[in-house]
file final.cif (mmCIF, C-alpha atoms and all ligand atoms)
data_input
loop_
_atom_site.label_atom_id
_atom_site.label_comp_id
_atom_site.auth_asym_id
_atom_site.auth_seq_id
_atom_site.Cartn_x
_atom_site.Cartn_y
_atom_site.Cartn_z
CA MET A 1 0.00 0.00 0.00
CA SER A 2 1.32 3.46 -0.82
CA LYS A 3 -0.15 6.92 -1.14
CA VAL A 4 0.55 10.29 -2.68
CA VAL A 5 -0.43 13.16 -0.43
CA LYS A 6 -0.90 16.65 -1.78
CA PHE A 7 -1.31 19.61 0.57
CA GLY A 8 -2.90 22.86 -0.55
CA GLY A 9 -1.68 26.36 0.27
CA SER A 10 -3.86 26.89 3.34
CA SER A 11 -2.53 23.60 4.80
CA LEU A 12 1.02 25.00 4.54
CA ALA A 13 0.50 28.69 5.23
CA SER A 14 2.27 28.74 8.62
CA ALA A 15 4.45 26.67 10.92
CA GLU A 16 1.35 25.70 12.85
CA GLN A 17 -0.24 24.28 9.68
CA PHE A 18 3.04 22.54 8.74
CA LYS A 19 2.96 20.76 12.10
CA LYS A 20 -0.52 19.40 11.39
CA VAL A 21 0.72 18.20 8.03
CA GLY A 22 3.76 16.58 9.65
CA GLU A 23 1.50 14.70 12.06
CA ILE A 24 -0.72 13.49 9.24
CA ILE A 25 2.25 12.18 7.26
CA ARG A 26 3.96 10.56 10.22
CA ALA A 27 0.73 8.86 11.30
CA ASP A 28 0.76 6.64 8.22
CA SER A 29 3.98 5.20 6.77
CA THR A 30 2.26 4.50 3.45
CA ARG A 31 2.10 8.27 2.80
CA ARG A 32 5.27 8.17 0.74
CA TYR A 33 5.17 10.96 -1.81
CA VAL A 34 4.35 14.47 -0.67
CA ILE A 35 3.30 17.28 -3.03
CA PRO A 36 3.30 20.72 -1.39
CA SER A 37 1.69 23.89 -2.74
CA ALA A 38 3.16 27.30 -1.94
CA PRO A 39 2.13 28.88 1.38
CA GLY A 40 -1.43 30.21 1.07
CA LYS A 41 -3.39 32.67 3.14
CA ARG A 42 -2.89 32.56 6.91
CA PHE A 43 -6.01 34.64 7.56
CA ASP A 44 -8.72 36.47 5.61
CA GLY A 45 -7.14 39.31 3.69
CA ASP A 46 -3.67 37.72 3.68
CA THR A 47 -1.81 37.25 0.38
CA LYS A 48 -0.76 33.89 -1.10
CA VAL A 49 2.97 33.57 -1.68
CA THR A 50 2.29 32.75 -5.36
CA ASP A 51 0.56 36.11 -5.77
CA MET A 52 3.44 37.85 -3.96
CA LEU A 53 5.85 36.21 -6.40
CA TYR A 54 3.88 37.33 -9.45
CA ALA A 55 3.80 40.89 -8.09
CA CYS A 56 7.48 40.86 -7.20
CA TYR A 57 8.46 39.60 -10.63
CA GLY A 58 6.21 42.25 -12.18
CA LEU A 59 8.42 44.87 -10.52
CA ALA A 60 11.58 43.17 -11.78
CA GLN A 61 10.16 43.13 -15.29
CA GLN A 62 9.49 46.86 -15.15
CA GLU A 63 13.07 47.39 -13.94
CA LYS A 64 11.72 48.63 -10.61
CA ASP A 65 13.23 47.85 -7.25
CA PHE A 66 11.95 44.43 -6.16
CA ALA A 67 14.32 43.76 -3.25
CA ARG A 68 11.78 44.71 -0.60
CA ALA A 69 9.03 42.59 -2.13
CA LEU A 70 11.41 39.63 -2.27
CA MET A 71 12.39 40.16 1.35
CA GLU A 72 8.75 39.99 2.38
CA ILE A 73 8.49 36.62 0.64
CA ALA A 74 11.68 35.43 2.34
CA ALA A 75 10.15 36.50 5.66
CA ARG A 76 7.12 34.29 5.05
CA TYR A 77 9.38 31.26 4.69
CA GLN A 78 11.62 32.25 7.57
CA GLU A 79 8.59 32.42 9.84
CA ILE A 80 7.78 28.82 8.95
CA ILE A 81 11.38 27.64 9.35
CA ASP A 82 11.69 29.32 12.76
CA GLY A 83 8.30 28.05 13.90
CA LEU A 84 9.36 24.51 13.07
CA GLY A 85 12.76 24.94 14.75
CA LEU A 86 14.62 23.93 11.58
CA GLU A 87 18.26 24.74 10.83
CA LEU A 88 17.55 25.29 7.15
CA ASP A 89 19.08 28.40 5.54
CA LEU A 90 17.36 29.64 2.37
CA SER A 91 19.51 32.73 1.84
CA GLY A 92 21.53 31.07 -0.94
CA GLU A 93 18.27 30.11 -2.69
CA PHE A 94 17.02 33.69 -2.46
CA ARG A 95 20.25 35.04 -3.94
CA VAL A 96 19.78 32.74 -6.94
CA ILE A 97 16.14 33.82 -7.25
CA GLU A 98 17.12 37.49 -7.09
CA ASP A 99 19.70 37.02 -9.87
CA ASN A 100 17.23 35.13 -12.01
CA PHE A 101 14.55 37.78 -11.51
CA ARG A 102 17.07 40.40 -12.60
CA ASP A 103 17.86 38.28 -15.68
CA LYS A 104 14.10 38.05 -16.41
CA ALA A 105 13.84 34.30 -16.02
CA GLY A 106 10.11 34.52 -16.71
CA GLU A 107 6.82 34.67 -14.86
CA ASN A 108 6.50 30.88 -14.77
CA TYR A 109 9.88 30.55 -13.09
CA ALA A 110 8.93 33.27 -10.60
CA ALA A 111 5.63 31.66 -9.62
CA SER A 112 7.16 28.20 -9.32
CA ARG A 113 9.55 29.30 -6.58
CA GLY A 114 6.64 29.26 -4.11
CA GLU A 115 6.31 25.49 -4.39
CA TYR A 116 10.04 24.92 -4.84
CA LEU A 117 10.96 26.61 -1.55
CA ASN A 118 8.07 25.08 0.35
CA GLY A 119 9.25 21.70 -0.96
CA ARG A 120 12.73 22.37 0.39
CA ILE A 121 11.30 23.14 3.83
CA MET A 122 8.97 20.15 3.75
CA ALA A 123 11.77 17.75 2.78
CA ALA A 124 13.98 19.07 5.60
CA TYR A 125 11.12 18.90 8.09
CA LEU A 126 10.15 15.32 7.22
CA GLY A 127 13.64 14.02 6.45
CA PHE A 128 12.44 12.95 2.98
CA ALA A 129 14.37 13.19 -0.30
CA PHE A 130 13.72 16.32 -2.38
CA VAL A 131 12.96 15.78 -6.06
CA ASP A 132 12.87 19.00 -8.11
CA ALA A 133 9.74 18.91 -10.28
CA ALA A 134 11.73 20.61 -13.08
CA GLU A 135 13.65 17.35 -13.53
CA VAL A 136 10.67 15.01 -13.67
CA ILE A 137 7.54 16.88 -14.84
CA LEU A 138 8.06 17.54 -18.53
CA PHE A 139 6.41 19.72 -21.14
CA ASP A 140 6.91 19.46 -24.92
CA GLU A 141 8.12 22.12 -27.38
CA GLN A 142 4.59 23.50 -27.70
CA GLY A 143 4.27 23.87 -23.95
CA ASN A 144 1.82 20.98 -23.57
CA PHE A 145 2.30 18.58 -20.70
CA ASP A 146 4.13 15.49 -21.98
CA ALA A 147 2.30 12.76 -20.10
CA GLU A 148 4.13 9.72 -21.41
CA ARG A 149 7.68 11.00 -21.16
CA THR A 150 6.96 12.35 -17.68
CA ASN A 151 5.51 9.04 -16.59
CA GLU A 152 8.64 7.24 -17.70
CA VAL A 153 11.19 9.67 -16.24
CA LEU A 154 9.28 10.28 -13.01
CA GLY A 155 8.46 6.60 -12.54
CA ARG A 156 12.12 5.65 -12.85
CA ARG A 157 13.17 8.40 -10.46
CA LEU A 158 10.64 7.45 -7.81
CA GLU A 159 11.78 3.83 -7.89
CA THR A 160 14.96 5.11 -6.26
CA CYS A 161 13.22 6.98 -3.40
CA GLU A 162 11.06 5.33 -0.82
CA TYR A 163 9.93 8.69 0.55
CA ALA A 164 10.11 11.98 -1.34
CA VAL A 165 8.82 15.52 -1.58
CA ILE A 166 8.03 16.74 -5.11
CA PRO A 167 6.89 20.37 -5.31
CA GLY A 168 3.60 20.95 -7.11
CA PHE A 169 2.57 23.33 -9.88
CA TYR A 170 5.58 23.27 -12.23
CA GLY A 171 7.85 21.29 -14.50
CA SER A 172 10.19 22.20 -17.33
CA MET A 173 10.32 22.74 -21.07
CA PRO A 174 12.74 20.81 -23.32
CA ASP A 175 15.17 23.77 -23.10
CA GLY A 176 15.20 23.47 -19.32
CA SER A 177 13.15 26.61 -18.59
CA VAL A 178 10.50 26.30 -15.91
CA LYS A 179 6.85 26.05 -16.89
CA THR A 180 3.85 26.04 -14.56
CA PHE A 181 0.41 24.54 -14.92
CA SER A 182 -2.53 26.92 -14.60
CA ARG A 183 -3.41 28.23 -11.14
CA GLY A 184 -4.16 25.53 -8.61
CA GLY A 185 -1.95 23.18 -10.62
CA SER A 186 -0.39 21.35 -7.67
CA ASP A 187 -3.49 19.16 -7.79
CA VAL A 188 -2.36 18.10 -11.25
CA THR A 189 1.17 17.32 -10.06
CA GLY A 190 -0.28 15.11 -7.32
CA SER A 191 -2.25 13.15 -9.86
CA ILE A 192 0.75 12.77 -12.20
CA VAL A 193 2.92 11.49 -9.34
CA ALA A 194 0.18 9.10 -8.22
CA ARG A 195 0.09 7.60 -11.70
CA ALA A 196 3.87 7.35 -12.11
CA ALA A 197 4.36 5.76 -8.68
CA MET A 198 1.31 3.51 -9.19
CA VAL A 199 0.07 4.21 -5.69
CA ASP A 200 -3.20 2.95 -4.27
CA VAL A 201 -4.66 6.29 -3.23
CA TYR A 202 -4.13 9.96 -4.06
CA GLU A 203 -4.98 11.95 -0.94
CA ASN A 204 -5.64 15.61 -1.63
CA TRP A 205 -5.56 17.58 1.63
CA THR A 206 -7.27 20.94 1.75
CA ASP A 207 -9.31 23.06 4.18
CA VAL A 208 -12.72 21.47 3.68
CA SER A 209 -13.87 17.95 4.49
CA GLY A 210 -14.68 17.08 0.89
CA PHE A 211 -17.22 18.09 -1.70
CA LEU A 212 -20.58 19.38 -0.62
CA VAL A 213 -23.91 18.47 -2.20
CA ALA A 214 -24.57 22.16 -2.89
CA ASP A 215 -22.84 25.53 -2.62
CA PRO A 216 -22.63 26.59 1.08
CA ARG A 217 -23.16 30.21 0.01
CA ILE A 218 -26.67 29.20 -1.03
CA ILE A 219 -27.48 26.27 1.27
CA GLU A 220 -26.70 26.54 4.94
CA ASP A 221 -24.47 23.72 6.12
CA PRO A 222 -25.03 21.39 3.15
CA LYS A 223 -24.40 17.67 3.40
CA LYS A 224 -21.09 16.24 2.31
CA ILE A 225 -20.70 13.92 -0.68
CA GLU A 226 -19.24 10.59 0.49
CA THR A 227 -18.42 9.11 -2.91
CA ILE A 228 -18.54 10.67 -6.34
CA THR A 229 -17.52 9.26 -9.70
CA TYR A 230 -15.11 11.06 -12.02
CA ARG A 231 -17.92 11.61 -14.49
CA GLU A 232 -20.21 13.14 -11.88
CA LEU A 233 -17.40 15.36 -10.69
CA ARG A 234 -16.76 16.54 -14.22
CA GLU A 235 -20.42 17.54 -14.59
CA LEU A 236 -20.41 19.42 -11.31
CA SER A 237 -17.10 21.18 -11.82
CA TYR A 238 -18.16 22.24 -15.31
CA MET A 239 -21.00 24.03 -13.56
CA GLY A 240 -18.69 25.81 -11.20
CA ALA A 241 -18.28 23.51 -8.17
CA MET A 242 -14.52 23.78 -7.63
CA VAL A 243 -12.36 22.07 -5.08
CA LEU A 244 -9.98 20.27 -7.37
CA HIS A 245 -8.20 21.44 -10.54
CA GLU A 246 -10.10 20.03 -13.53
CA ASP A 247 -7.03 18.44 -15.11
CA ALA A 248 -6.20 16.55 -11.93
CA ILE A 249 -8.70 13.88 -12.82
CA PHE A 250 -7.12 12.54 -16.01
CA PRO A 251 -3.81 10.93 -14.93
CA VAL A 252 -5.32 8.94 -12.04
CA ARG A 253 -8.52 8.13 -13.86
CA ARG A 254 -6.73 6.15 -16.52
CA GLU A 255 -5.07 4.00 -13.85
CA GLY A 256 -8.16 3.63 -11.68
CA ILE A 257 -6.52 5.31 -8.67
CA PRO A 258 -9.10 6.91 -6.36
CA ILE A 259 -8.71 10.46 -5.04
CA ASN A 260 -9.59 11.11 -1.43
CA ILE A 261 -10.28 14.77 -0.57
CA ARG A 262 -9.34 15.36 3.09
CA ASN A 263 -9.28 18.21 5.57
CA THR A 264 -5.93 19.08 7.20
CA ASN A 265 -7.81 20.82 10.01
CA ALA A 266 -10.06 17.81 10.65
CA PRO A 267 -7.99 14.75 9.72
CA GLU A 268 -10.46 12.40 11.41
CA ASP A 269 -13.11 13.19 8.77
CA ASP A 270 -13.30 10.63 5.95
CA GLY A 271 -13.65 13.29 3.29
CA THR A 272 -14.92 12.57 -0.20
CA TRP A 273 -13.83 9.67 -2.40
CA ILE A 274 -13.59 10.28 -6.12
CA VAL A 275 -13.68 6.97 -7.95
CA GLY A 276 -14.04 5.49 -11.43
CA SER A 277 -17.17 3.56 -10.69
CA THR A 278 -18.87 2.38 -7.57
CA CYS A 279 -21.81 0.33 -6.41
CA GLN A 280 -22.12 2.57 -3.36
CA LYS A 281 -25.39 4.40 -3.61
CA SER A 282 -25.50 8.00 -2.60
CA GLU A 283 -27.90 8.57 0.23
CA TYR A 284 -30.09 10.99 -1.70
CA VAL A 285 -30.55 9.81 -5.34
CA ILE A 286 -28.74 12.94 -6.42
CA THR A 287 -25.04 13.37 -5.78
CA GLY A 288 -24.79 17.12 -6.15
CA ILE A 289 -26.30 20.33 -7.48
CA ALA A 290 -24.29 23.10 -9.08
CA GLY A 291 -25.03 25.96 -11.40
CA LYS A 292 -23.95 29.18 -12.98
CA LYS A 293 -25.58 32.47 -13.81
CA GLY A 294 -24.96 34.65 -16.83
CA PHE A 295 -26.13 32.72 -19.86
CA CYS A 296 -28.25 33.82 -22.77
CA SER A 297 -30.33 31.77 -25.15
CA ILE A 298 -30.64 32.32 -28.87
CA ASN A 299 -33.83 30.79 -30.07
CA ILE A 300 -34.04 30.06 -33.80
CA GLU A 301 -37.22 29.09 -35.62
CA LYS A 302 -37.74 27.84 -39.13
CA ASP A 303 -40.65 25.95 -40.63
CA MET A 304 -39.72 22.41 -41.60
CA MET A 305 -36.38 22.70 -39.82
CA ASN A 306 -36.56 19.02 -39.00
CA ALA A 307 -36.33 18.11 -42.68
CA GLU A 308 -33.42 20.39 -43.50
CA ILE A 309 -30.15 18.52 -43.45
CA GLY A 310 -27.27 20.56 -42.03
CA PHE A 311 -29.41 23.26 -40.39
CA GLY A 312 -27.79 22.80 -36.96
CA ARG A 313 -24.31 22.91 -38.44
CA LYS A 314 -25.03 26.19 -40.22
CA VAL A 315 -26.35 27.79 -37.03
CA LEU A 316 -23.37 26.63 -35.00
CA GLN A 317 -21.02 27.80 -37.73
CA ALA A 318 -22.16 31.37 -37.04
CA PHE A 319 -21.02 30.89 -33.45
CA GLU A 320 -17.76 29.30 -34.49
CA GLU A 321 -16.96 32.08 -36.95
CA ASN A 322 -17.22 34.54 -34.08
CA GLY A 323 -15.17 32.46 -31.66
CA ILE A 324 -18.05 31.73 -29.29
CA SER A 325 -18.47 28.32 -27.73
CA PHE A 326 -21.98 27.05 -27.15
CA GLU A 327 -22.97 25.37 -23.91
CA HIS A 328 -26.21 23.57 -24.68
CA VAL A 329 -28.39 23.11 -27.72
CA PRO A 330 -31.88 21.86 -26.85
CA SER A 331 -34.08 21.56 -29.92
CA GLY A 332 -37.70 21.11 -30.97
CA ILE A 333 -39.24 20.19 -34.32
CA ASP A 334 -38.98 23.62 -35.88
CA THR A 335 -36.92 25.33 -33.20
CA MET A 336 -33.39 25.17 -31.99
CA THR A 337 -31.97 27.03 -29.03
CA VAL A 338 -28.32 27.76 -28.40
CA PHE A 339 -27.09 28.63 -24.92
CA ALA A 340 -23.94 30.72 -24.67
CA HIS A 341 -22.12 32.70 -22.00
CA GLN A 342 -23.64 36.15 -21.96
CA ASP A 343 -20.35 38.01 -21.45
CA GLU A 344 -18.84 36.27 -24.51
CA PHE A 345 -21.93 36.63 -26.67
CA MET A 346 -22.93 40.19 -25.79
CA HIS A 347 -20.21 41.99 -27.76
CA LYS A 348 -20.73 39.92 -30.87
CA GLU A 349 -24.48 39.57 -30.70
CA GLN A 350 -25.39 41.29 -33.98
CA LYS A 351 -22.58 39.60 -35.87
CA VAL A 352 -23.76 36.18 -34.76
CA VAL A 353 -27.38 36.96 -35.58
CA ALA A 354 -26.37 38.23 -39.03
CA GLY A 355 -24.29 35.08 -39.48
CA ILE A 356 -27.23 32.84 -38.62
CA HIS A 357 -29.43 34.75 -41.10
CA ARG A 358 -26.82 34.46 -43.81
CA LEU A 359 -25.98 30.80 -43.26
CA ALA A 360 -29.22 29.18 -42.10
CA LYS A 361 -31.95 31.55 -43.33
CA PRO A 362 -34.27 31.12 -40.34
CA ASP A 363 -37.79 32.59 -40.10
CA PHE A 364 -37.27 34.13 -36.71
CA ILE A 365 -34.58 34.67 -34.07
CA ASP A 366 -35.26 35.61 -30.46
CA ILE A 367 -32.67 36.30 -27.77
CA GLU A 368 -33.20 36.02 -24.05
CA SER A 369 -30.59 37.09 -21.50
CA ASP A 370 -29.91 36.80 -17.74
CA LEU A 371 -30.44 33.07 -17.53
CA ALA A 372 -28.92 30.59 -15.12
CA LEU A 373 -28.22 26.91 -15.70
CA ILE A 374 -28.47 24.39 -12.90
CA ALA A 375 -27.13 20.85 -13.14
CA VAL A 376 -28.65 18.17 -10.94
CA VAL A 377 -26.14 15.34 -11.06
CA GLY A 378 -26.37 11.78 -9.79
CA ARG A 379 -25.48 8.29 -10.91
CA GLY A 380 -28.50 7.15 -8.88
CA MET A 381 -30.94 8.92 -11.20
CA LYS A 382 -30.64 6.21 -13.79
CA SER A 383 -32.28 3.61 -11.63
CA THR A 384 -34.79 5.86 -9.91
CA ARG A 385 -38.11 6.72 -11.43
CA GLY A 386 -39.64 10.14 -10.96
CA THR A 387 -36.47 12.17 -10.43
CA ALA A 388 -37.37 14.73 -13.09
CA GLY A 389 -40.92 14.86 -11.74
CA ARG A 390 -39.66 15.65 -8.26
CA ILE A 391 -37.40 18.41 -9.53
CA PHE A 392 -40.14 20.11 -11.50
CA SER A 393 -42.79 19.87 -8.84
CA ALA A 394 -40.32 21.32 -6.32
CA LEU A 395 -39.64 24.22 -8.68
CA ALA A 396 -43.33 24.79 -9.38
CA HIS A 397 -43.95 24.83 -5.66
CA VAL A 398 -41.62 27.82 -5.19
CA ASN A 399 -42.94 29.54 -8.32
CA VAL A 400 -39.82 29.10 -10.41
CA ASN A 401 -40.46 29.05 -14.12
CA VAL A 402 -38.37 26.46 -15.96
CA LYS A 403 -37.14 27.85 -19.28
CA MET A 404 -35.14 24.89 -20.50
CA ILE A 405 -34.68 21.22 -19.71
CA ASP A 406 -31.85 19.08 -20.98
CA GLN A 407 -31.32 15.52 -19.83
CA GLY A 408 -28.18 13.84 -21.11
CA SER A 409 -28.74 10.35 -22.50
CA SER A 410 -26.38 9.02 -19.83
CA GLU A 411 -29.11 9.88 -17.28
CA LEU A 412 -26.34 11.24 -15.14
CA ASN A 413 -27.59 14.78 -15.08
CA ILE A 414 -30.57 16.99 -15.70
CA ILE A 415 -29.83 20.56 -16.68
CA ILE A 416 -32.42 23.21 -16.04
CA GLY A 417 -32.48 26.79 -17.29
CA VAL A 418 -34.13 29.43 -15.08
CA ALA A 419 -33.98 33.23 -14.80
CA ASN A 420 -30.89 34.51 -12.96
CA GLU A 421 -33.13 35.90 -10.23
CA ASP A 422 -34.64 32.46 -9.58
CA PHE A 423 -31.26 30.73 -9.31
CA GLU A 424 -30.90 30.56 -5.52
CA ALA A 425 -34.57 29.70 -4.93
CA ALA A 426 -34.35 26.89 -7.47
CA ILE A 427 -31.24 25.36 -5.88
CA LYS A 428 -32.80 25.56 -2.43
CA ALA A 429 -35.98 23.88 -3.66
CA ILE A 430 -34.09 21.03 -5.33
CA TYR A 431 -31.81 20.52 -2.33
CA ASP A 432 -34.79 20.52 -0.05
CA ILE A 433 -36.78 17.91 -1.91
CA PHE A 434 -33.91 15.43 -2.29
CA VAL A 435 -31.83 15.97 0.83
CA VAL A 436 -33.93 17.60 3.55
CA THR A 437 -37.53 16.40 3.26
CA ARG A 438 -36.78 13.56 0.83
CA ILE A 439 -40.39 13.43 -0.32
N1 LIG A 501 0.45 27.97 -5.75
C1 LIG A 501 -0.25 27.86 -6.99
C2 LIG A 501 -1.48 28.73 -6.97
O1 LIG A 501 -1.69 29.52 -6.07
C3 LIG A 501 -0.55 26.44 -7.34
C4 LIG A 501 -1.32 25.65 -6.30
O2 LIG A 501 -1.47 26.08 -5.18
O3 LIG A 501 -1.78 24.57 -6.64
O4 LIG A 501 -2.25 28.68 -7.90
#

call {"tool": "encode", "arguments": {"input": "final.cif", "output": "structure tokens"}}
result
Amino acid sequence: MSKVVKFGGSSLASAEQFKKVGEIIRADSTRRYVIPSAPGKRFDGDTKVTDMLYACYGLAQQEKDFARALMEIAARYQEIIDGLGLELDLSGEFRVIEDNFRDKAGENYAASRGEYLNGRIMAAYLGFAFVDAAEVILFDEQGNFDAERTNEVLGRRLETCEYAVIPGFYGSMPDGSVKTFSRGGSDVTGSIVARAAMVDVYENWTDVSGFLVADPRIIEDPKKIETITYRELRELSYMGAMVLHEDAIFPVRREGIPINIRNTNAPEDDGTWIVGSTCQKSEYVITGIAGKKGFCSINIEKDMMNAEIGFGRKVLQAFEENGISFEHVPSGIDTMTVFAHQDEFMHKEQKVVAGIHRLAKPDFIDIESDLALIAVVGRGMKSTRGTAGRIFSALAHVNVNVKMIDQGSSELNIIIGVANEDFEAAIKAIYDIFVVTRI
């Protein structure tokens, strides 16, 4: 049995948090590979070290004095080192960083130092080997992550270390320059290491005890999701439920390694398990509810549309020509509706409409704005009759008008369109019917 453990920024923001992490790792000798993020916020209003690094490098780029900003970053690390009573001296590292900033080593390099230095501290604190991610996480010439080469190089390297710390968030280009993943990318590193080391579990430690059935800003104290499949998670995160970086799913998914989301501040909680497939039923038919505001719908009508081959393609071509991606396309016999993000669509509205007229020659086009989409997701829906009925009667009960319904053929989700102003009421009503009253 072996595990990869990734710790997020809030779990490593201070010496006090580091100590909790140390206890978690020492409590289980199968926790062999540790992926640290950079120190995050210690309190509300604090600044993440990654953001401090971006700002500091911004000064260097503008040829402004960045020494003070770099000293503040060094102080953040020194506070951790002192709090842990370590002998470690990072002044040599900071001299190198200063020189490289002066030589304009790049924004990616700058941001990556947050994880790099935290990795150095973590390795010293745990007595584990330090493996620089730049040597084992590899990108190709185009800057795309090179999954297969990384898996080979990293796998071979890890065979030589029983216990190791590998900093998250970055790797290197073929020319040796540092490249980072997008923000929150340490989650991705954890998943890549889990695959290469062929571990049994990827534990992702953060500051919440797993995924919640609904957004806590809308539902007070929502229930936690015990087990969720990768596919369900994808549906929910597409709709804005974010705890894990989207790309973190792929490397472990292909190997069937489960991810366990855990809380550093409550290590006794089981957290949420993200798995390939499961026969564990969720307690409530639905697994989760998520949604987003700010969509608009473009409703296109044309007599005998159903008989016209290629009509849909022509309509979507007008969107493509204007660089707008569509989100959903529910259709009727002589109608077709395209949902798009309002902020993307707004500026190009008339161009798209003209494009549809030119390409598809519809009878009528109508646009509606300020819409929200809500996804009700659950693997249990497939085997349960009446799920849709329950959703719609709950919405009718609270006077929410449903503008669109889209059920994927996988029966994994039902997507509902409502007015922006009905968004919160709709989520509350759905949560209530499935989780609270369970009628
Ligand atoms: N430190 C980076 C960020 O703030 C990466 C991470 O934490 O995963 O985005």

call {"tool": "residues_near_ligand", "arguments": {"input": "final.cif", "ligand": "ligand LIG 501 (chain A)", "cutoff": "6 Å", "atoms": "only C-alpha atoms and all ligand atoms", "output": "PDB file with C-alpha atoms, keeping the file's coordinate frame"}}
result
ATOM      1  CA  GLY A   8      -2.900  22.860  -0.550  1.00  0.00           C
ATOM      2  CA  GLY A   9      -1.680  26.360   0.270  1.00  0.00           C
ATOM      3  CA  SER A  37       1.690  23.890  -2.740  1.00  0.00           C
ATOM      4  CA  ALA A  38       3.160  27.300  -1.940  1.00  0.00           C
ATOM      5  CA  THR A  50       2.290  32.750  -5.360  1.00  0.00           C
ATOM      6  CA  PHE A 169       2.570  23.330  -9.880  1.00  0.00           C
ATOM      7  CA  ARG A 183      -3.410  28.230 -11.140  1.00  0.00           C
ATOM      8  CA  GLY A 184      -4.160  25.530  -8.610  1.00  0.00           C
ATOM      9  CA  GLY A 185      -1.950  23.180 -10.620  1.00  0.00           C
ATOM     10  CA  SER A 186      -0.390  21.350  -7.670  1.00  0.00           C
ATOM     11  CA  ASP A 187      -3.490  19.160  -7.790  1.00  0.00           C
TER      12      ASP A 187
END

call {"tool": "residues_around", "arguments": {"input": "final.cif", "residues": "Ser10 of chain A", "least_positions_apart": "5", "cutoff": "8 Å", "atoms": "all atoms listed in the file", "output": "PDB file with C-alpha atoms, in the coordinates of the input"}}
result
ATOM      1  CA  GLN A  17      -0.240  24.280   9.680  1.00  0.00           C
ATOM      2  CA  PRO A  39       2.130  28.880   1.380  1.00  0.00           C
ATOM      3  CA  GLY A  40      -1.430  30.210   1.070  1.00  0.00           C
ATOM      4  CA  LYS A  41      -3.390  32.670   3.140  1.00  0.00           C
ATOM      5  CA  ARG A  42      -2.890  32.560   6.910  1.00  0.00           C
ATOM      6  CA  THR A 206      -7.270  20.940   1.750  1.00  0.00           C
ATOM      7  CA  ASP A 207      -9.310  23.060   4.180  1.00  0.00           C
TER       8      ASP A 207
END

call {"tool": "residues_around", "arguments": {"input": "final.cif", "residues": "Tyr230 of chain A", "least_positions_apart": "2", "cutoff": "9 Å", "atoms": "all atoms listed in the file", "output": "list in words"}}
result
Ile228, Glu232, Leu233, Arg234, Glu235, Ile249, Arg253, Ile274, Val275, Gly276 and Ser277 of chain A

call {"tool": "residues_near_point", "arguments": {"input": "final.cif", "point": "(-4.6, 16.3, 2.6)", "cutoff": "6 Å", "atoms": "all atoms listed in the file", "output": "list in words"}}
result
Lys6, Phe7, Glu203, Asn204, Trp205, Thr206, Arg262, Asn263 and Thr264 of chain A

call {"tool": "atom_distance", "arguments": {"input": "final.cif", "atom1": "atom CA of Phe319 of chain A", "atom2": "atom CA of Lys351 of chain A"}}
result
9.2 Å

call {"tool": "residues_around", "arguments": {"input": "final.cif", "residues": "His397 of chain A", "least_positions_apart": "4", "cutoff": "12 Å", "atoms": "all atoms listed in the file", "output": "PDB file with C-alpha atoms, keeping the file's coordinate frame"}}
result
ATOM      1  CA  ARG A 390     -39.660  15.650  -8.260  1.00  0.00           C
ATOM      2  CA  ILE A 391     -37.400  18.410  -9.530  1.00  0.00           C
ATOM      3  CA  PHE A 392     -40.140  20.110 -11.500  1.00  0.00           C
ATOM      4  CA  SER A 393     -42.790  19.870  -8.840  1.00  0.00           C
ATOM      5  CA  ASN A 401     -40.460  29.050 -14.120  1.00  0.00           C
ATOM      6  CA  VAL A 402     -38.370  26.460 -15.960  1.00  0.00           C
ATOM      7  CA  ALA A 425     -34.570  29.700  -4.930  1.00  0.00           C
ATOM      8  CA  ALA A 426     -34.350  26.890  -7.470  1.00  0.00           C
ATOM      9  CA  LYS A 428     -32.800  25.560  -2.430  1.00  0.00           C
ATOM     10  CA  ALA A 429     -35.980  23.880  -3.660  1.00  0.00           C
ATOM     11  CA  ILE A 430     -34.090  21.030  -5.330  1.00  0.00           C
ATOM     12  CA  ASP A 432     -34.790  20.520  -0.050  1.00  0.00           C
ATOM     13  CA  ILE A 433     -36.780  17.910  -1.910  1.00  0.00           C
TER      14      ILE A 433
END

call {"tool": "atom_distance", "arguments": {"input": "final.cif", "atom1": "atom CA of Val252 of chain A", "atom2": "atom CA of Ala194 of chain A"}}
result
6.7 Å

call {"tool": "closest_residue", "arguments": {"input": "final.cif", "among": "A:Ala134, A:Val96, A:Val377, A:Val5", "to": "Asn108 of chain A", "atoms": "only C-alpha atoms"}}
result
A:Ala134

call {"tool": "closest_residue", "arguments": {"input": "final.cif", "among": "A:Ala266, A:Ala354, A:Ile25, A:Val49", "to": "Ser2 of chain A", "atoms": "only C-alpha atoms"}}
result
A:Ile25

call {"tool": "closest_residue", "arguments": {"input": "final.cif", "among": "A:Phe364, A:Phe211, A:Phe295, A:Tyr57", "to": "Asp99 of chain A", "atoms": "all atoms listed in the file"}}
result
A:Tyr57

call {"tool": "decode", "arguments": {"input": "final.cif", "residues": "segment 134-144 of chain A", "atoms": "C-alpha atoms", "output": "compact mmCIF listing (two decimals), in the first residue's frame"}}
result
# COMPACT_ATOMS: atom_id res chain seq x y z
CA ALA A 134 11.73 20.61 -13.08
CA GLU A 135 13.65 17.35 -13.53
CA VAL A 136 10.67 15.01 -13.67
CA ILE A 137 7.54 16.88 -14.84
CA LEU A 138 8.06 17.54 -18.53
CA PHE A 139 6.41 19.72 -21.14
CA ASP A 140 6.91 19.46 -24.92
CA GLU A 141 8.12 22.12 -27.38
CA GLN A 142 4.59 23.50 -27.70
CA GLY A 143 4.27 23.87 -23.95
CA ASN A 144 1.82 20.98 -23.57
